[in-house]
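Each remark here refers to the structure printed beneath this line.
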Amino acid sequence: MANQNYNPFVNAQTQFDRVAEILELDQGTRDLLRQHCQEIHFTIPVKMDDGTTKVFKAFRMIHNDARGPGKGGLRFHPHETADTVRALSMWMTWKCAAVDIPLGGAKGGVVCDPRTMSKGEQERLCRGYIRRLKSLVGYNIDVPAPDVMTNGQHMMWMLDEYESIMGQRFPGMITGKPVGMGGSLGRTEATGYGVIYCLRECLKNMNIDITKTSASIQGFGNVAEYAARLYTELGGKVVAVSCWNAEDKTAYTFRKLEGCDPAELAAIKDAFGSIDKEKALALGYEVLPGDEWLCQEVDVLIPAALENQITPAVFPKISKKVKVLCEAANGPTTPDCDQLIEDAGIMLIPDFMCNAGGVTCSYFEQVQGNMNYYWPKEEVLEKLENAMTKAFQNIYDLAQEKKLYMRDAAYVVAINRVVNAVKLRGWV
Ligand code: NAD
């Protein structure tokens, strides 16, 4: 579960404030960028299968759209809050700017647990979400995408509802569509692969041979699975993965010291990234408490599940062997931990750089949709690899040159681009 003691939006603002100070931004620009252009809070009534009506709380927020239409995922989560969506949409602004794609930052959420809802109930929820937002989303306004516990099917129901209302086809209104229905090949792999492209470049810069490294991962959903697959392909060893078990309402760490097999684990996980405990035991995995992933003797830690997982309270549990903290999730580290990471000499690959592969591929999906011509997977992944490598190296070089902590360097690059856009538009 997300750490309830930390408010992710306060975290996001604290990170921004720190870099606004470094960049000596004027007060008007700070006021503009620490808040949202637009926040929508609404409710969605859904007819449940048992004939009752359930009302779900929902959000859609645009943090800043100076560089292009809002772009950001939609989460279904029982613990979703307005402040989580605020933080995530703000991070989307920096993420799009960090990889230099012409999109702004947005995010949505619905307080619900799709694991306990039938397909029909989920479809009605998706359609209700778009009915309420119909004039506030669109290919040139704000473009939703999948995120935690949402997938291509959810996106298709939303697209279908939107197009039914508009009476026209608008494939660019949403991304993360299934392949063959306007989706891009490579999108499933994009975020996880992007994480590992950054890690690979980072290790190269640090003169560390990836084939001699090991990693421990929190999460085994979309991002973590593909990160684990590519990392293993490149010769790294995944020692442990942790994930949530909906039945027990608790998290477990699955460990194999000689190395986990990502394909084997993928075959025994459900659609929400929960690994079957009994099957894992039968395959020779140790099943440990959920937070054990953090205490492993590894070179690389990859939090790829939730925000606020690495705090000063748990930091002492991290092994002295850890050299790189690869933030695949959004906001996995609390700001009061940054100094500890820096002092420990751990190299950080900050979240909005590390996991930008997903939005970069979503942007490719829009480009392909606009052309109505779809690239083969190799071409998508090659473009993704180039974009991620270039963006990572740019931030790494700035950090080295100016002796900046990696998170600050990423913020400096991203904020400068957004400030340039708001100034050119005459907003400040
Ligand atoms: P997902 O829903 O596919 O998977 C989430 C994983 O986290 C599951 O394996 C789940 O069991 C696990 N989990 C949940 N609670 C846990 C806990 N307390 N302890 C251990 N494991 C836990 O989600 P995803 O798409 O893989 O996203 C993961 C993170 O990456 C999120 O922070 C998301 O915002 C971020 N992200 C995702 C994308 C994307 O393209 N999917 C892009 C950018 C960032």
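Here, A, B, ... name the chains of the structure tokens in the order displayed, residue numbers run from 1 inside each chain, and ligands are numbered from 1 in the same displayed order.
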Residues contacting ligand 1 - anything with an atom at most 6 Å away, using only C-alpha atoms and all ligand atoms - can you give me those as a PDB file with all heavy atoms, in the first residue's frame?
```pdb
ATOM      1  N   MET A   1       0.835  -1.194   0.000  1.00  0.00           N
ATOM      2  CA  MET A   1       0.000   0.000   0.000  1.00  0.00           C
ATOM      3  C   MET A   1       0.881   1.261   0.000  1.00  0.00           C
ATOM      4  O   MET A   1       1.964   1.252   0.563  1.00  0.00           O
ATOM      5  CB  MET A   1      -0.880   0.001   1.244  1.00  0.00           C
ATOM      6  CG  MET A   1      -2.280   0.450   0.891  1.00  0.00           C
ATOM      7  SD  MET A   1      -3.256   1.050   2.207  1.00  0.00           S
ATOM      8  CE  MET A   1      -3.019   0.037   3.572  1.00  0.00           C
ATOM      9  N   ASP A 147      -2.834   3.436 -17.113  1.00  0.00           N
ATOM     10  CA  ASP A 147      -1.882   3.542 -16.004  1.00  0.00           C
ATOM     11  C   ASP A 147      -2.210   2.402 -15.042  1.00  0.00           C
ATOM     12  O   ASP A 147      -2.712   1.357 -15.483  1.00  0.00           O
ATOM     13  CB  ASP A 147      -2.004   4.923 -15.334  1.00  0.00           C
ATOM     14  CG  ASP A 147      -0.761   5.295 -14.530  1.00  0.00           C
ATOM     15  OD1 ASP A 147      -0.596   4.800 -13.396  1.00  0.00           O
ATOM     16  OD2 ASP A 147       0.050   6.073 -15.031  1.00  0.00           O
ATOM     17  N   VAL A 148      -1.995   2.598 -13.755  1.00  0.00           N
ATOM     18  CA  VAL A 148      -2.189   1.494 -12.809  1.00  0.00           C
ATOM     19  C   VAL A 148      -3.626   0.938 -12.912  1.00  0.00           C
ATOM     20  O   VAL A 148      -4.604   1.690 -12.818  1.00  0.00           O
ATOM     21  CB  VAL A 148      -1.886   1.965 -11.368  1.00  0.00           C
ATOM     22  CG1 VAL A 148      -2.244   0.897 -10.350  1.00  0.00           C
ATOM     23  CG2 VAL A 148      -0.413   2.334 -11.247  1.00  0.00           C
ATOM     24  N   MET A 149      -3.711  -0.335 -13.147  1.00  0.00           N
ATOM     25  CA  MET A 149      -4.962  -1.098 -13.230  1.00  0.00           C
ATOM     26  C   MET A 149      -5.927  -0.658 -14.338  1.00  0.00           C
ATOM     27  O   MET A 149      -7.122  -0.919 -14.272  1.00  0.00           O
ATOM     28  CB  MET A 149      -5.655  -1.156 -11.873  1.00  0.00           C
ATOM     29  CG  MET A 149      -4.905  -2.054 -10.895  1.00  0.00           C
ATOM     30  SD  MET A 149      -5.909  -2.739  -9.609  1.00  0.00           S
ATOM     31  CE  MET A 149      -5.821  -1.474  -8.367  1.00  0.00           C
ATOM     32  N   THR A 191       7.591   1.275 -21.418  1.00  0.00           N
ATOM     33  CA  THR A 191       8.018   1.902 -20.158  1.00  0.00           C
ATOM     34  C   THR A 191       9.124   1.079 -19.507  1.00  0.00           C
ATOM     35  O   THR A 191      10.163   1.615 -19.103  1.00  0.00           O
ATOM     36  CB  THR A 191       6.828   2.090 -19.204  1.00  0.00           C
ATOM     37  OG1 THR A 191       5.787   2.747 -19.912  1.00  0.00           O
ATOM     38  CG2 THR A 191       7.217   2.922 -18.002  1.00  0.00           C
ATOM     39  N   GLN A 218      10.437  -3.793  -7.020  1.00  0.00           N
ATOM     40  CA  GLN A 218       9.119  -3.764  -6.376  1.00  0.00           C
ATOM     41  C   GLN A 218       8.056  -3.638  -7.465  1.00  0.00           C
ATOM     42  O   GLN A 218       8.074  -2.683  -8.239  1.00  0.00           O
ATOM     43  CB  GLN A 218       8.974  -2.596  -5.405  1.00  0.00           C
ATOM     44  CG  GLN A 218       7.657  -2.697  -4.629  1.00  0.00           C
ATOM     45  CD  GLN A 218       7.335  -1.472  -3.810  1.00  0.00           C
ATOM     46  OE1 GLN A 218       7.641  -0.345  -4.216  1.00  0.00           O
ATOM     47  NE2 GLN A 218       6.716  -1.664  -2.669  1.00  0.00           N
ATOM     48  N   GLY A 219       7.134  -4.585  -7.490  1.00  0.00           N
ATOM     49  CA  GLY A 219       6.087  -4.608  -8.506  1.00  0.00           C
ATOM     50  C   GLY A 219       6.397  -5.675  -9.538  1.00  0.00           C
ATOM     51  O   GLY A 219       7.568  -6.031  -9.763  1.00  0.00           O
ATOM     52  N   PHE A 220       5.347  -6.232 -10.126  1.00  0.00           N
ATOM     53  CA  PHE A 220       5.542  -7.098 -11.295  1.00  0.00           C
ATOM     54  C   PHE A 220       4.392  -6.875 -12.272  1.00  0.00           C
ATOM     55  O   PHE A 220       3.846  -7.792 -12.850  1.00  0.00           O
ATOM     56  CB  PHE A 220       5.694  -8.570 -10.898  1.00  0.00           C
ATOM     57  CG  PHE A 220       6.422  -9.356 -11.964  1.00  0.00           C
ATOM     58  CD1 PHE A 220       7.724  -9.053 -12.309  1.00  0.00           C
ATOM     59  CD2 PHE A 220       5.781 -10.364 -12.662  1.00  0.00           C
ATOM     60  CE1 PHE A 220       8.388  -9.746 -13.317  1.00  0.00           C
ATOM     61  CE2 PHE A 220       6.431 -11.069 -13.672  1.00  0.00           C
ATOM     62  CZ  PHE A 220       7.741 -10.748 -13.995  1.00  0.00           C
ATOM     63  N   GLY A 221       4.034  -5.583 -12.407  1.00  0.00           N
ATOM     64  CA  GLY A 221       3.008  -5.199 -13.371  1.00  0.00           C
ATOM     65  C   GLY A 221       3.650  -4.951 -14.720  1.00  0.00           C
ATOM     66  O   GLY A 221       4.713  -5.491 -15.039  1.00  0.00           O
ATOM     67  N   ASN A 222       3.005  -4.095 -15.508  1.00  0.00           N
ATOM     68  CA  ASN A 222       3.493  -3.840 -16.858  1.00  0.00           C
ATOM     69  C   ASN A 222       4.932  -3.339 -16.867  1.00  0.00           C
ATOM     70  O   ASN A 222       5.779  -3.862 -17.591  1.00  0.00           O
ATOM     71  CB  ASN A 222       2.557  -2.834 -17.556  1.00  0.00           C
ATOM     72  CG  ASN A 222       3.129  -2.347 -18.869  1.00  0.00           C
ATOM     73  OD1 ASN A 222       3.677  -1.256 -18.947  1.00  0.00           O
ATOM     74  ND2 ASN A 222       3.046  -3.170 -19.897  1.00  0.00           N
ATOM     75  N   VAL A 223       5.222  -2.328 -16.053  1.00  0.00           N
ATOM     76  CA  VAL A 223       6.546  -1.703 -16.093  1.00  0.00           C
ATOM     77  C   VAL A 223       7.607  -2.689 -15.603  1.00  0.00           C
ATOM     78  O   VAL A 223       8.626  -2.929 -16.271  1.00  0.00           O
ATOM     79  CB  VAL A 223       6.560  -0.426 -15.220  1.00  0.00           C
ATOM     80  CG1 VAL A 223       7.949   0.197 -15.238  1.00  0.00           C
ATOM     81  CG2 VAL A 223       5.516   0.568 -15.708  1.00  0.00           C
ATOM     82  N   ALA A 224       7.358  -3.273 -14.435  1.00  0.00           N
ATOM     83  CA  ALA A 224       8.361  -4.142 -13.817  1.00  0.00           C
ATOM     84  C   ALA A 224       8.636  -5.375 -14.674  1.00  0.00           C
ATOM     85  O   ALA A 224       9.795  -5.779 -14.842  1.00  0.00           O
ATOM     86  CB  ALA A 224       7.878  -4.561 -12.434  1.00  0.00           C
ATOM     87  N   SER A 242       8.711  -8.018  -5.817  1.00  0.00           N
ATOM     88  CA  SER A 242       7.677  -7.952  -4.787  1.00  0.00           C
ATOM     89  C   SER A 242       6.374  -7.541  -5.460  1.00  0.00           C
ATOM     90  O   SER A 242       6.396  -6.740  -6.397  1.00  0.00           O
ATOM     91  CB  SER A 242       8.107  -6.902  -3.771  1.00  0.00           C
ATOM     92  OG  SER A 242       7.024  -6.431  -3.034  1.00  0.00           O
ATOM     93  N   CYS A 243       5.265  -8.105  -5.030  1.00  0.00           N
ATOM     94  CA  CYS A 243       3.997  -7.626  -5.575  1.00  0.00           C
ATOM     95  C   CYS A 243       2.865  -7.810  -4.576  1.00  0.00           C
ATOM     96  O   CYS A 243       3.035  -8.420  -3.526  1.00  0.00           O
ATOM     97  CB  CYS A 243       3.689  -8.256  -6.924  1.00  0.00           C
ATOM     98  SG  CYS A 243       3.454  -9.996  -6.857  1.00  0.00           S
ATOM     99  N   TRP A 244       1.736  -7.244  -4.927  1.00  0.00           N
ATOM    100  CA  TRP A 244       0.564  -7.199  -4.060  1.00  0.00           C
ATOM    101  C   TRP A 244      -0.281  -8.426  -4.305  1.00  0.00           C
ATOM    102  O   TRP A 244      -0.422  -8.862  -5.447  1.00  0.00           O
ATOM    103  CB  TRP A 244      -0.217  -5.924  -4.374  1.00  0.00           C
ATOM    104  CG  TRP A 244      -1.426  -5.689  -3.518  1.00  0.00           C
ATOM    105  CD1 TRP A 244      -2.738  -5.796  -3.906  1.00  0.00           C
ATOM    106  CD2 TRP A 244      -1.452  -5.272  -2.161  1.00  0.00           C
ATOM    107  NE1 TRP A 244      -3.561  -5.477  -2.861  1.00  0.00           N
ATOM    108  CE2 TRP A 244      -2.802  -5.163  -1.771  1.00  0.00           C
ATOM    109  CE3 TRP A 244      -0.450  -4.997  -1.214  1.00  0.00           C
ATOM    110  CZ2 TRP A 244      -3.194  -4.776  -0.489  1.00  0.00           C
ATOM    111  CZ3 TRP A 244      -0.841  -4.607   0.067  1.00  0.00           C
ATOM    112  CH2 TRP A 244      -2.198  -4.510   0.416  1.00  0.00           C
ATOM    113  N   ALA A 251       1.412  -7.655   0.623  1.00  0.00           N
ATOM    114  CA  ALA A 251       2.443  -7.781  -0.418  1.00  0.00           C
ATOM    115  C   ALA A 251       3.417  -8.898  -0.049  1.00  0.00           C
ATOM    116  O   ALA A 251       3.631  -9.185   1.135  1.00  0.00           O
ATOM    117  CB  ALA A 251       3.185  -6.460  -0.564  1.00  0.00           C
ATOM    118  N   PHE A 272      -3.448  -8.147 -13.000  1.00  0.00           N
ATOM    119  CA  PHE A 272      -3.102  -6.960 -12.208  1.00  0.00           C
ATOM    120  C   PHE A 272      -1.689  -7.048 -11.629  1.00  0.00           C
ATOM    121  O   PHE A 272      -1.322  -6.292 -10.732  1.00  0.00           O
ATOM    122  CB  PHE A 272      -4.131  -6.760 -11.089  1.00  0.00           C
ATOM    123  CG  PHE A 272      -5.526  -6.584 -11.621  1.00  0.00           C
ATOM    124  CD1 PHE A 272      -6.459  -7.605 -11.510  1.00  0.00           C
ATOM    125  CD2 PHE A 272      -5.889  -5.408 -12.258  1.00  0.00           C
ATOM    126  CE1 PHE A 272      -7.749  -7.447 -12.018  1.00  0.00           C
ATOM    127  CE2 PHE A 272      -7.167  -5.242 -12.775  1.00  0.00           C
ATOM    128  CZ  PHE A 272      -8.100  -6.262 -12.664  1.00  0.00           C
ATOM    129  N   GLY A 273      -0.916  -8.010 -12.101  1.00  0.00           N
ATOM    130  CA  GLY A 273       0.480  -8.098 -11.656  1.00  0.00           C
ATOM    131  C   GLY A 273       0.667  -8.762 -10.309  1.00  0.00           C
ATOM    132  O   GLY A 273       1.665  -8.518  -9.627  1.00  0.00           O
ATOM    133  N   SER A 274      -0.276  -9.626  -9.897  1.00  0.00           N
ATOM    134  CA  SER A 274      -0.100 -10.389  -8.656  1.00  0.00           C
ATOM    135  C   SER A 274       0.392 -11.787  -9.013  1.00  0.00           C
ATOM    136  O   SER A 274      -0.241 -12.493  -9.806  1.00  0.00           O
ATOM    137  CB  SER A 274      -1.430 -10.545  -7.907  1.00  0.00           C
ATOM    138  OG  SER A 274      -1.874  -9.306  -7.472  1.00  0.00           O
ATOM    139  N   GLY A 290       6.522  -8.547   2.038  1.00  0.00           N
ATOM    140  CA  GLY A 290       6.478  -7.621   0.907  1.00  0.00           C
ATOM    141  C   GLY A 290       7.627  -6.643   0.836  1.00  0.00           C
ATOM    142  O   GLY A 290       8.122  -6.320  -0.248  1.00  0.00           O
ATOM    143  N   ALA A 304       9.030  -0.233  -8.807  1.00  0.00           N
ATOM    144  CA  ALA A 304       8.186  -0.126 -10.014  1.00  0.00           C
ATOM    145  C   ALA A 304       6.738  -0.412  -9.648  1.00  0.00           C
ATOM    146  O   ALA A 304       6.023  -1.085 -10.395  1.00  0.00           O
ATOM    147  CB  ALA A 304       8.686  -1.085 -11.090  1.00  0.00           C
ATOM    148  N   ALA A 305       6.307   0.086  -8.476  1.00  0.00           N
ATOM    149  CA  ALA A 305       4.920  -0.181  -8.076  1.00  0.00           C
ATOM    150  C   ALA A 305       4.187   1.110  -7.714  1.00  0.00           C
ATOM    151  O   ALA A 305       3.327   1.578  -8.467  1.00  0.00           O
ATOM    152  CB  ALA A 305       4.889  -1.163  -6.909  1.00  0.00           C
ATOM    153  N   LEU A 306       4.552   1.684  -6.582  1.00  0.00           N
ATOM    154  CA  LEU A 306       3.765   2.783  -6.024  1.00  0.00           C
ATOM    155  C   LEU A 306       4.654   3.944  -5.576  1.00  0.00           C
ATOM    156  O   LEU A 306       5.858   3.794  -5.464  1.00  0.00           O
ATOM    157  CB  LEU A 306       3.012   2.289  -4.776  1.00  0.00           C
ATOM    158  CG  LEU A 306       2.006   1.171  -4.954  1.00  0.00           C
ATOM    159  CD1 LEU A 306       1.588   0.657  -3.586  1.00  0.00           C
ATOM    160  CD2 LEU A 306       0.790   1.673  -5.721  1.00  0.00           C
ATOM    161  N   ALA A 328      11.504   3.458 -11.433  1.00  0.00           N
ATOM    162  CA  ALA A 328      10.581   3.124 -12.515  1.00  0.00           C
ATOM    163  C   ALA A 328       9.160   3.606 -12.206  1.00  0.00           C
ATOM    164  O   ALA A 328       8.415   3.984 -13.106  1.00  0.00           O
ATOM    165  CB  ALA A 328      10.581   1.616 -12.746  1.00  0.00           C
ATOM    166  N   ALA A 329       8.775   3.588 -10.933  1.00  0.00           N
ATOM    167  CA  ALA A 329       7.434   4.075 -10.547  1.00  0.00           C
ATOM    168  C   ALA A 329       7.451   5.596 -10.517  1.00  0.00           C
ATOM    169  O   ALA A 329       8.512   6.215 -10.596  1.00  0.00           O
ATOM    170  CB  ALA A 329       7.065   3.536  -9.168  1.00  0.00           C
ATOM    171  N   ASN A 330       6.294   6.174 -10.408  1.00  0.00           N
ATOM    172  CA  ASN A 330       6.203   7.621 -10.230  1.00  0.00           C
ATOM    173  C   ASN A 330       6.294   7.931  -8.740  1.00  0.00           C
ATOM    174  O   ASN A 330       5.541   7.361  -7.947  1.00  0.00           O
ATOM    175  CB  ASN A 330       4.857   8.132 -10.757  1.00  0.00           C
ATOM    176  CG  ASN A 330       4.814   8.158 -12.267  1.00  0.00           C
ATOM    177  OD1 ASN A 330       5.708   8.688 -12.922  1.00  0.00           O
ATOM    178  ND2 ASN A 330       3.760   7.574 -12.839  1.00  0.00           N
ATOM    179  N   ASN A 355      10.981   6.594 -16.288  1.00  0.00           N
ATOM    180  CA  ASN A 355       9.801   5.904 -16.828  1.00  0.00           C
ATOM    181  C   ASN A 355       9.153   6.649 -17.996  1.00  0.00           C
ATOM    182  O   ASN A 355       7.993   6.393 -18.333  1.00  0.00           O
ATOM    183  CB  ASN A 355       8.794   5.586 -15.711  1.00  0.00           C
ATOM    184  CG  ASN A 355       8.209   6.829 -15.066  1.00  0.00           C
ATOM    185  OD1 ASN A 355       8.037   7.844 -15.727  1.00  0.00           O
ATOM    186  ND2 ASN A 355       7.901   6.743 -13.784  1.00  0.00           N
ATOM    187  N   GLY A 358       7.137   5.202 -21.657  1.00  0.00           N
ATOM    188  CA  GLY A 358       5.710   4.996 -21.934  1.00  0.00           C
ATOM    189  C   GLY A 358       5.100   6.170 -22.673  1.00  0.00           C
ATOM    190  O   GLY A 358       4.461   6.002 -23.721  1.00  0.00           O
TER     191      GLY A 358
END
```
*Could you find all residues in range 118-367 of chain A that DSSP calls strand (DSSP E or B) from the backbone, and write them as a PyMOL selection string?*
chain A and resi 138+142-146+179+183+214-218+237-245+250-255+269+275+286-289+300-303+310+324-326+333+347-349
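Straight-line separation from CA of Cys37 in chain A to CA of Ser89 in chain A: 10.5 Å.
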Margin query: as a ChimeraX atom specification, please: every residue in range 95-272 of chain A that a backbone DSSP assignment puts in helix (DSSP H, G or I).
Written below: /A:95-98,114-116,119-133,152-166,171-173,187-205,210-212,222-233,262-266
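Residues in contact with range 162-173 of chain A at 9 Å, where only C-alpha atoms are counted and same-chain residues fewer than 6 positions away are skipped, are listed as Arg127, Ile130, Arg131, Lys134, Val137, Gly138, Tyr139, Asn140, Ile141, Asp142, Val143, Pro144, Met181, Gly182, Glu365, Gln366, Val367, Gly369 and Asn370 of chain A.
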Quick one: residues within 8 Å of Gly108 in chain A, only C-alpha atoms counted, chain neighbours fewer than 2 positions away excluded, as a PyMOL selection string? chain A and resi 58-61+72-75+85+89+106+110+144
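With only C-alpha atoms as the atoms that count, the minimum distance from Gly345 in chain A to the choices A:Met406, A:Phe9, A:Ala20, A:Val419 is reached by A:Met406.
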